[in-house]
$ cat data25.tsv   # TSV, C-alpha atoms
chain	number	residue	atom	x	y	z
A	1191	MET	CA	-35.43	97.79	-36.81
A	1192	GLU	CA	-35.27	101.59	-36.62
A	1193	SER	CA	-31.47	101.58	-36.65
A	1194	ARG	CA	-31.48	99.44	-39.79
A	1195	ILE	CA	-33.94	101.79	-41.49
A	1196	ASP	CA	-31.73	104.76	-40.61
A	1197	TYR	CA	-28.64	102.94	-41.84
A	1198	ALA	CA	-30.25	102.07	-45.18
A	1199	ALA	CA	-31.63	105.60	-45.60
A	1200	LYS	CA	-28.17	107.12	-45.19
A	1201	LYS	CA	-26.29	104.51	-47.22
A	1202	TRP	CA	-28.58	104.61	-50.28
A	1203	GLU	CA	-29.96	108.15	-49.84
A	1204	LEU	CA	-33.51	106.99	-49.36
A	1205	GLY	CA	-36.50	109.20	-48.69
A	1206	HIS	CA	-40.30	109.23	-48.98
A	1207	PHE	CA	-40.66	105.96	-47.05
A	1208	GLU	CA	-44.01	104.19	-47.15
A	1209	GLU	CA	-44.54	101.12	-45.02
A	1210	ILE	CA	-45.89	98.08	-46.89
A	1211	TYR	CA	-45.44	95.46	-44.19
A	1212	ARG	CA	-43.92	95.40	-40.72
A	1213	HIS	CA	-43.31	92.62	-38.21
A	1214	PRO	CA	-41.03	92.68	-35.17
A	1215	THR	CA	-38.30	90.83	-37.12
A	1216	LYS	CA	-38.89	92.00	-40.71
A	1217	ALA	CA	-40.36	94.82	-42.75
A	1218	VAL	CA	-40.90	96.01	-46.32
A	1219	PHE	CA	-40.95	99.66	-47.43
A	1220	SER	CA	-41.28	101.53	-50.68
A	1221	ALA	CA	-38.95	104.50	-50.96
A	1222	GLN	CA	-37.21	106.85	-53.35
A	1223	SER	CA	-33.46	106.61	-53.85
A	1224	ARG	CA	-31.34	109.41	-55.31
A	1225	GLN	CA	-29.17	106.80	-56.98
A	1226	PHE	CA	-31.70	104.19	-58.11
A	1227	GLY	CA	-35.08	105.91	-58.24
A	1228	PRO	CA	-38.20	104.05	-56.97
A	1229	VAL	CA	-37.11	101.16	-54.74
A	1230	ILE	CA	-38.31	98.49	-52.35
A	1231	LEU	CA	-36.35	98.06	-49.12
A	1232	LYS	CA	-36.59	94.70	-47.35
A	1233	ILE	CA	-35.30	94.21	-43.82
A	1234	ASP	CA	-35.18	90.76	-42.26
A	1235	ARG	CA	-33.42	89.65	-39.10
A	1236	ASN	CA	-33.59	86.03	-40.30
A	1237	ILE	CA	-31.40	86.33	-43.38
A	1238	GLY	CA	-32.07	82.87	-44.82
A	1239	GLN	CA	-35.05	83.87	-46.99
A	1240	LEU	CA	-33.50	87.23	-47.89
A	1241	LYS	CA	-30.35	85.44	-49.02
A	1242	SER	CA	-32.33	83.02	-51.22
A	1243	GLU	CA	-34.30	85.88	-52.77
A	1244	HIS	CA	-31.15	87.84	-53.51
A	1245	HIS	CA	-29.44	84.77	-54.99
A	1246	MET	CA	-32.25	84.17	-57.47
A	1247	LEU	CA	-32.85	87.79	-58.46
A	1248	ALA	CA	-29.16	88.62	-58.81
A	1249	GLY	CA	-28.66	85.75	-61.25
A	1250	LEU	CA	-31.36	87.00	-63.63
A	1251	SER	CA	-31.20	89.77	-66.23
A	1252	GLY	CA	-34.07	91.85	-64.89
A	1253	ALA	CA	-36.17	91.29	-68.01
A	1254	TYR	CA	-38.71	89.19	-66.12
A	1255	ASN	CA	-37.87	90.14	-62.54
A	1256	CYS	CA	-37.35	93.13	-60.32
A	1257	LYS	CA	-33.67	94.14	-60.32
A	1258	VAL	CA	-31.44	93.95	-57.27
A	1259	TYR	CA	-29.69	97.23	-56.48
A	1260	ALA	CA	-27.91	96.38	-53.23
A	1261	TYR	CA	-27.63	93.65	-50.63
A	1262	GLU	CA	-26.01	93.55	-47.21
A	1263	GLU	CA	-26.29	90.10	-45.70
A	1264	SER	CA	-24.82	91.02	-42.33
A	1265	ALA	CA	-27.38	93.80	-41.87
A	1266	GLY	CA	-30.29	91.82	-43.34
A	1267	LEU	CA	-30.98	94.46	-46.01
A	1268	LEU	CA	-32.08	94.02	-49.62
A	1269	LEU	CA	-32.74	96.94	-51.97
A	1270	GLU	CA	-34.74	96.15	-55.10
A	1271	GLU	CA	-36.37	97.85	-58.06
A	1272	ARG	CA	-39.94	98.98	-57.45
A	1273	ILE	CA	-42.01	97.90	-60.43
A	1274	ILE	CA	-44.04	100.81	-61.87
A	1275	PRO	CA	-47.03	101.00	-62.14
A	1276	GLY	CA	-47.04	97.58	-60.47
A	1277	THR	CA	-50.54	96.46	-61.42
A	1278	VAL	CA	-50.95	92.84	-60.34
A	1279	LEU	CA	-51.71	90.15	-62.92
A	1280	ARG	CA	-54.91	89.40	-61.03
A	1281	ARG	CA	-56.39	92.60	-62.52
A	1282	GLU	CA	-56.22	91.14	-66.05
A	1283	ALA	CA	-59.76	89.94	-66.85
A	1284	SER	CA	-58.92	87.47	-69.63
A	1285	LEU	CA	-57.88	83.99	-68.51
A	1286	GLU	CA	-56.07	83.39	-71.80
A	1287	LYS	CA	-54.06	86.60	-71.39
A	1288	ARG	CA	-53.29	85.85	-67.74
A	1289	ILE	CA	-51.88	82.49	-68.73
A	1290	ARG	CA	-49.94	83.93	-71.67
A	1291	ILE	CA	-48.33	86.57	-69.43
A	1292	PHE	CA	-47.66	84.07	-66.65
A	1293	SER	CA	-46.07	81.61	-69.11
A	1294	GLY	CA	-43.79	84.31	-70.49
A	1295	VAL	CA	-42.50	85.10	-67.00
A	1296	PHE	CA	-42.27	81.39	-66.17
A	1297	ASP	CA	-40.12	80.76	-69.26
A	1298	GLY	CA	-37.72	83.59	-68.43
A	1299	ILE	CA	-36.81	83.15	-64.77
A	1300	HIS	CA	-35.31	79.71	-64.23
A	1301	LEU	CA	-31.57	79.25	-63.81
A	1302	PRO	CA	-29.73	75.95	-63.11
A	1303	ALA	CA	-29.20	75.25	-59.42
A	1304	GLU	CA	-26.94	72.77	-57.68
A	1305	GLU	CA	-27.47	72.99	-53.93
A	1306	GLY	CA	-29.87	74.47	-51.43
A	1307	GLY	CA	-33.33	73.84	-50.01
A	1308	THR	CA	-35.72	71.94	-52.28
A	1309	TYR	CA	-39.46	71.73	-52.81
A	1310	LEU	CA	-39.24	68.16	-51.59
A	1311	ASP	CA	-37.83	69.48	-48.31
A	1312	TRP	CA	-41.00	71.57	-47.93
A	1313	LEU	CA	-43.17	68.48	-48.37
A	1314	GLU	CA	-41.06	66.44	-45.96
A	1315	ARG	CA	-41.45	69.17	-43.37
A	1316	ILE	CA	-45.25	69.34	-43.57
A	1317	CYS	CA	-45.43	65.54	-43.24
A	1318	GLY	CA	-43.35	65.85	-40.08
A	1319	TYR	CA	-45.57	68.66	-38.81
A	1320	CYS	CA	-48.70	66.54	-39.30
A	1321	ARG	CA	-47.12	63.63	-37.43
A	1322	GLN	CA	-46.15	65.75	-34.45
A	1323	ASN	CA	-49.13	68.09	-34.09
A	1324	PRO	CA	-52.90	67.73	-33.73
A	1325	VAL	CA	-54.47	68.43	-37.13
A	1326	ALA	CA	-57.70	67.50	-38.91
A	1327	GLU	CA	-57.76	63.73	-39.32
A	1328	GLU	CA	-57.48	63.74	-43.14
A	1329	LEU	CA	-54.49	66.10	-43.32
A	1330	PRO	CA	-51.73	63.57	-42.45
A	1331	ASP	CA	-52.84	61.28	-45.30
A	1332	LEU	CA	-53.12	64.21	-47.69
A	1333	ALA	CA	-49.62	65.34	-46.70
A	1334	VAL	CA	-48.23	61.88	-47.47
A	1335	GLN	CA	-49.99	61.84	-50.85
A	1336	ALA	CA	-48.69	65.33	-51.65
A	1337	ARG	CA	-45.17	64.32	-50.68
A	1338	ARG	CA	-45.46	61.26	-52.96
A	1339	VAL	CA	-46.50	63.47	-55.89
A	1340	CYS	CA	-43.53	65.75	-55.26
A	1341	ALA	CA	-41.11	62.82	-55.16
A	1342	GLU	CA	-42.58	61.43	-58.40
A	1343	MET	CA	-42.03	64.75	-60.16
A	1344	PHE	CA	-38.45	64.97	-58.90
A	1345	GLY	CA	-37.89	61.54	-60.41
A	1346	ARG	CA	-39.68	62.27	-63.68
A	1347	TYR	CA	-38.11	65.65	-64.42
A	1348	PRO	CA	-34.31	65.75	-64.06
A	1349	ASP	CA	-33.88	69.53	-64.38
A	1350	ARG	CA	-32.97	71.35	-61.17
A	1351	VAL	CA	-33.51	75.09	-61.25
A	1352	LEU	CA	-34.03	77.98	-58.86
A	1353	LEU	CA	-37.79	78.17	-58.55
A	1354	HIS	CA	-39.77	81.21	-57.58
A	1355	GLY	CA	-41.77	79.03	-55.21
A	1356	ASP	CA	-44.72	81.46	-55.00
A	1357	LEU	CA	-45.33	82.44	-58.61
A	1358	HIS	CA	-48.89	83.68	-58.59
A	1359	HIS	CA	-51.01	86.61	-59.75
A	1360	ASP	CA	-50.00	89.03	-57.00
A	1361	ASN	CA	-46.27	88.44	-57.47
A	1362	ILE	CA	-46.34	89.30	-61.19
A	1363	LEU	CA	-46.55	93.06	-61.79
A	1364	SER	CA	-46.89	95.25	-64.88
A	1365	ARG	CA	-44.33	97.79	-66.09
A	1366	THR	CA	-45.12	101.00	-67.94
A	1367	ASP	CA	-43.97	99.42	-71.23
A	1368	GLY	CA	-46.59	96.67	-70.91
A	1369	SER	CA	-44.18	93.93	-69.86
A	1370	TYR	CA	-44.49	92.02	-66.60
A	1371	ALA	CA	-41.93	91.13	-63.92
A	1372	MET	CA	-41.99	88.86	-60.91
A	1373	ILE	CA	-41.20	89.84	-57.33
A	1374	ASP	CA	-40.68	88.04	-53.99
A	1375	PRO	CA	-39.08	84.74	-55.09
A	1376	LYS	CA	-38.32	82.04	-52.52
A	1377	GLY	CA	-35.34	80.64	-54.43
A	1378	VAL	CA	-36.20	77.01	-53.68
A	1379	ILE	CA	-34.82	74.21	-55.90
A	1380	GLY	CA	-36.72	71.72	-58.04
A	1381	PRO	CA	-37.86	70.91	-61.59
A	1382	ALA	CA	-39.21	73.96	-63.44
A	1383	ILE	CA	-42.69	72.42	-63.70
A	1384	MET	CA	-43.08	72.95	-59.96
A	1385	ASP	CA	-43.49	76.69	-60.48
A	1386	LEU	CA	-46.85	76.10	-62.20
A	1387	PRO	CA	-49.22	74.97	-59.43
A	1388	ARG	CA	-49.23	78.08	-57.25
A	1389	PHE	CA	-50.68	80.07	-60.14
A	1390	ILE	CA	-53.40	77.44	-60.57
A	1391	LEU	CA	-54.30	77.55	-56.88
A	1392	ASN	CA	-54.73	81.32	-57.01
A	1393	GLU	CA	-57.05	80.95	-60.00
A	1394	LEU	CA	-59.65	79.78	-57.49
A	1395	ASP	CA	-59.76	83.40	-56.28
A	1396	THR	CA	-60.45	84.91	-59.71
A	1397	ASP	CA	-63.87	85.67	-61.19
A	1398	HIS	CA	-65.18	82.79	-63.28
A	1399	THR	CA	-68.70	81.80	-64.25
A	1400	CYS	CA	-68.24	78.02	-64.31
A	1401	PRO	CA	-67.77	75.76	-61.23
A	1402	ASP	CA	-64.31	75.75	-59.66
A	1403	GLY	CA	-63.45	72.26	-60.90
A	1404	GLU	CA	-64.29	73.15	-64.49
A	1405	HIS	CA	-62.36	76.41	-64.30
A	1406	ILE	CA	-59.25	74.71	-62.92
A	1407	ARG	CA	-59.48	72.02	-65.60
A	1408	GLU	CA	-59.46	74.74	-68.27
A	1409	VAL	CA	-56.53	76.51	-66.58
A	1410	ILE	CA	-54.56	73.26	-66.60
A	1411	ARG	CA	-55.45	72.62	-70.24
A	1412	LEU	CA	-54.26	76.06	-71.31
A	1413	LEU	CA	-51.07	75.81	-69.22
A	1414	GLY	CA	-50.35	72.46	-70.84
A	1415	LEU	CA	-50.69	74.03	-74.30
A	1416	GLN	CA	-48.45	76.96	-73.34
A	1417	THR	CA	-45.71	75.01	-71.57
A	1418	GLY	CA	-45.78	71.57	-73.19
A	1419	TYR	CA	-46.07	69.77	-69.85
A	1420	PRO	CA	-48.62	66.92	-69.54
A	1421	GLU	CA	-51.95	68.01	-68.11
A	1422	ALA	CA	-51.99	65.03	-65.74
A	1423	ASP	CA	-48.69	66.10	-64.15
A	1424	ILE	CA	-49.82	69.72	-63.86
A	1425	GLY	CA	-53.06	68.59	-62.20
A	1426	ARG	CA	-51.28	66.40	-59.68
A	1427	LEU	CA	-48.97	69.27	-58.79
A	1428	PHE	CA	-52.04	71.45	-58.23
A	1429	PHE	CA	-53.21	68.86	-55.70
A	1430	MET	CA	-49.76	68.87	-54.05
A	1431	GLU	CA	-49.62	72.68	-53.82
A	1432	THR	CA	-53.13	72.93	-52.40
A	1433	VAL	CA	-52.31	70.48	-49.62
A	1434	LEU	CA	-49.03	72.27	-48.89
A	1435	GLU	CA	-50.71	75.68	-48.69
A	1436	ASN	CA	-53.52	74.44	-46.44
A	1437	ILE	CA	-51.19	72.77	-43.97
A	1438	TRP	CA	-49.18	76.00	-43.84
A	1439	ARG	CA	-52.45	77.74	-42.97
A	1440	VAL	CA	-53.03	75.30	-40.13
A	1441	GLU	CA	-49.48	75.96	-38.88
A	1442	ASP	CA	-50.36	79.68	-38.79
A	1443	GLY	CA	-53.40	78.99	-36.63
A	1444	GLU	CA	-56.00	79.16	-39.42
A	1445	GLU	CA	-58.40	76.50	-40.66
A	1446	ALA	CA	-57.84	74.46	-43.80
A	1447	ASN	CA	-59.99	75.48	-46.78
A	1448	ARG	CA	-62.16	72.40	-47.38
A	1449	GLN	CA	-63.43	73.66	-50.71
A	1450	GLU	CA	-59.90	74.07	-52.09
A	1451	LEU	CA	-58.94	70.58	-50.92
A	1452	GLU	CA	-62.08	69.09	-52.46
A	1453	VAL	CA	-61.37	70.71	-55.84
A	1454	ALA	CA	-57.71	69.66	-55.69
A	1455	GLY	CA	-58.72	66.07	-54.99
A	1456	LEU	CA	-60.34	65.91	-58.44
A	1457	PHE	CA	-56.87	66.06	-60.03
A	1458	LEU	CA	-54.95	63.51	-57.95
$ encode --input "data25.tsv" --output "structure tokens"
Amino acid sequence: MESRIDYAAKKWELGHFEEIYRHPTKAVFSAQSRQFGPVILKIDRNIGQLKSEHHMLAGLSGAYNCKVYAYEESAGLLLEERIIPGTVLRREASLEKRIRIFSGVFDGIHLPAEEGGTYLDWLERICGYCRQNPVAEELPDLAVQARRVCAEMFGRYPDRVLLHGDLHHDNILSRTDGSYAMIDPKGVIGPAIMDLPRFILNELDTDHTCPDGEHIREVIRLLGLQTGYPEADIGRLFFMETVLENIWRVEDGEEANRQELEVAGLFL
């Protein structure tokens, strides 16, 4: 890790490092580059995700995403624009404005894709995980239902695009000119509609005065108005995403969030 940091610092004339995240096999730093200005340096020994992120970001104009400045696959290094000031969309108090900003980013980031890992692959994998590992008794059935929803959407919507895969409030940041840009895409493939539900799931963490189910119903209604997708399909994808996220939590050694799953079940 240290040798890669030194290599990147010399190659791109980086200084003023600040650690954002570090793990034995990957790390994220903010830094200052003489050539590019404020940057984010990502280091990952497993280059699969880094490669997908670079592929998606490099294909976009930078209007709705952080720009890519440099990429070295063999070294597992990705140098990106650091969004300034970088205020997360979560800080916006108005639900209507959050959805309007989110929808603008959503509309601007999807490019046609032909091959690669798909959202359906993710759902297949969690079904396999539930079959092979001890989990709460309801999770295997929920995984099968979520996988069925995903397959239905793949059949209903023929478009295949590079999806962000994690397009929520904390991955959409403000620029000084008032525009917003996304960061940290997964570069997974599927119909564009499948980039909606992660935002809905994170709405459960925002401040709202009405019960969770009512709030999510209003979020889905407003997203339907903004995007033109049927509310029923958006709601079912919210169920799918909630199940997916909670099984990932179980894989990481955490407990499933029963409240989230209960709210999501209202929309199946």
$ residues_around --input "data25.tsv" --residues "A:Phe1344" --least-positions-apart "2" --cutoff "12 Å" --atoms "all atoms listed in the file" --output "PyMOL selection string"
chain A and resi 1308-1311+1337-1342+1346-1351+1379-1384+1423+1427
$ write_last_selection --input "data25.tsv" --atoms "C-alpha atoms" --output "PDB file, keeping the file's coordinate frame"
ATOM      1  CA  THR A1308     -35.720  71.940 -52.280  1.00  0.00           C
ATOM      2  CA  TYR A1309     -39.460  71.730 -52.810  1.00  0.00           C
ATOM      3  CA  LEU A1310     -39.240  68.160 -51.590  1.00  0.00           C
ATOM      4  CA  ASP A1311     -37.830  69.480 -48.310  1.00  0.00           C
ATOM      5  CA  ARG A1337     -45.170  64.320 -50.680  1.00  0.00           C
ATOM      6  CA  ARG A1338     -45.460  61.260 -52.960  1.00  0.00           C
ATOM      7  CA  VAL A1339     -46.500  63.470 -55.890  1.00  0.00           C
ATOM      8  CA  CYS A1340     -43.530  65.750 -55.260  1.00  0.00           C
ATOM      9  CA  ALA A1341     -41.110  62.820 -55.160  1.00  0.00           C
ATOM     10  CA  GLU A1342     -42.580  61.430 -58.400  1.00  0.00           C
ATOM     11  CA  ARG A1346     -39.680  62.270 -63.680  1.00  0.00           C
ATOM     12  CA  TYR A1347     -38.110  65.650 -64.420  1.00  0.00           C
ATOM     13  CA  PRO A1348     -34.310  65.750 -64.060  1.00  0.00           C
ATOM     14  CA  ASP A1349     -33.880  69.530 -64.380  1.00  0.00           C
ATOM     15  CA  ARG A1350     -32.970  71.350 -61.170  1.00  0.00           C
ATOM     16  CA  VAL A1351     -33.510  75.090 -61.250  1.00  0.00           C
ATOM     17  CA  ILE A1379     -34.820  74.210 -55.900  1.00  0.00           C
ATOM     18  CA  GLY A1380     -36.720  71.720 -58.040  1.00  0.00           C
ATOM     19  CA  PRO A1381     -37.860  70.910 -61.590  1.00  0.00           C
ATOM     20  CA  ALA A1382     -39.210  73.960 -63.440  1.00  0.00           C
ATOM     21  CA  ILE A1383     -42.690  72.420 -63.700  1.00  0.00           C
ATOM     22  CA  MET A1384     -43.080  72.950 -59.960  1.00  0.00           C
ATOM     23  CA  ASP A1423     -48.690  66.100 -64.150  1.00  0.00           C
ATOM     24  CA  LEU A1427     -48.970  69.270 -58.790  1.00  0.00           C
TER      25      LEU A1427
END
$ residues_around --input "data25.tsv" --residues "A:Ala1336" --least-positions-apart "3" --cutoff "10 Å" --atoms "all atoms listed in the file" --output "ChimeraX atom specification"
/A:1310,1313-1314,1316-1317,1330-1333,1339-1342,1426-1434,1458
$ residues_around --input "data25.tsv" --residues "A:Tyr1261" --least-positions-apart "3" --cutoff "12 Å" --atoms "only C-alpha atoms" --output "ChimeraX atom specification"
/A:1198,1201-1202,1230-1234,1237,1240-1245,1247-1248,1257-1258,1264-1270
$ write_last_selection --input "data25.tsv" --atoms "C-alpha atoms" --output "short mmCIF file (atom, residue, chain, number, x, y, z; two decimals), in the coordinates of the input"
data_model
loop_
_atom_site.label_atom_id
_atom_site.label_comp_id
_atom_site.auth_asym_id
_atom_site.auth_seq_id
_atom_site.Cartn_x
_atom_site.Cartn_y
_atom_site.Cartn_z
CA ALA A 1198 -30.25 102.07 -45.18
CA LYS A 1201 -26.29 104.51 -47.22
CA TRP A 1202 -28.58 104.61 -50.28
CA ILE A 1230 -38.31 98.49 -52.35
CA LEU A 1231 -36.35 98.06 -49.12
CA LYS A 1232 -36.59 94.70 -47.35
CA ILE A 1233 -35.30 94.21 -43.82
CA ASP A 1234 -35.18 90.76 -42.26
CA ILE A 1237 -31.40 86.33 -43.38
CA LEU A 1240 -33.50 87.23 -47.89
CA LYS A 1241 -30.35 85.44 -49.02
CA SER A 1242 -32.33 83.02 -51.22
CA GLU A 1243 -34.30 85.88 -52.77
CA HIS A 1244 -31.15 87.84 -53.51
CA HIS A 1245 -29.44 84.77 -54.99
CA LEU A 1247 -32.85 87.79 -58.46
CA ALA A 1248 -29.16 88.62 -58.81
CA LYS A 1257 -33.67 94.14 -60.32
CA VAL A 1258 -31.44 93.95 -57.27
CA SER A 1264 -24.82 91.02 -42.33
CA ALA A 1265 -27.38 93.80 -41.87
CA GLY A 1266 -30.29 91.82 -43.34
CA LEU A 1267 -30.98 94.46 -46.01
CA LEU A 1268 -32.08 94.02 -49.62
CA LEU A 1269 -32.74 96.94 -51.97
CA GLU A 1270 -34.74 96.15 -55.10
#
$ closest_residue --input "data25.tsv" --among "A:Glu1327, A:Glu1305, A:Glu1404, A:Glu1271" --to "A:Arg1365" --atoms "all atoms listed in the file"
A:Glu1271
$ residues_around --input "data25.tsv" --residues "A:Asp1402" --least-positions-apart "2" --cutoff "12 Å" --atoms "all atoms listed in the file" --output "count of residues only"
24
$ atom_distance --input "data25.tsv" --atom1 "atom CA of A:Ala1199" --atom2 "atom CA of A:Ala1217"
14.2 Å
$ atom_distance --input "data25.tsv" --atom1 "atom CA of A:Thr1215" --atom2 "atom CA of A:Arg1235"
5.4 Å
$ closest_residue --input "data25.tsv" --among "A:Leu1279, A:Met1191, A:Leu1413, A:Met1246" --to "A:Leu1363" --atoms "only C-alpha atoms"
A:Leu1279
$ closest_residue --input "data25.tsv" --among "A:Leu1204, A:Val1295, A:Val1334, A:Ile1195" --to "A:Gly1252" --atoms "only C-alpha atoms"
A:Val1295
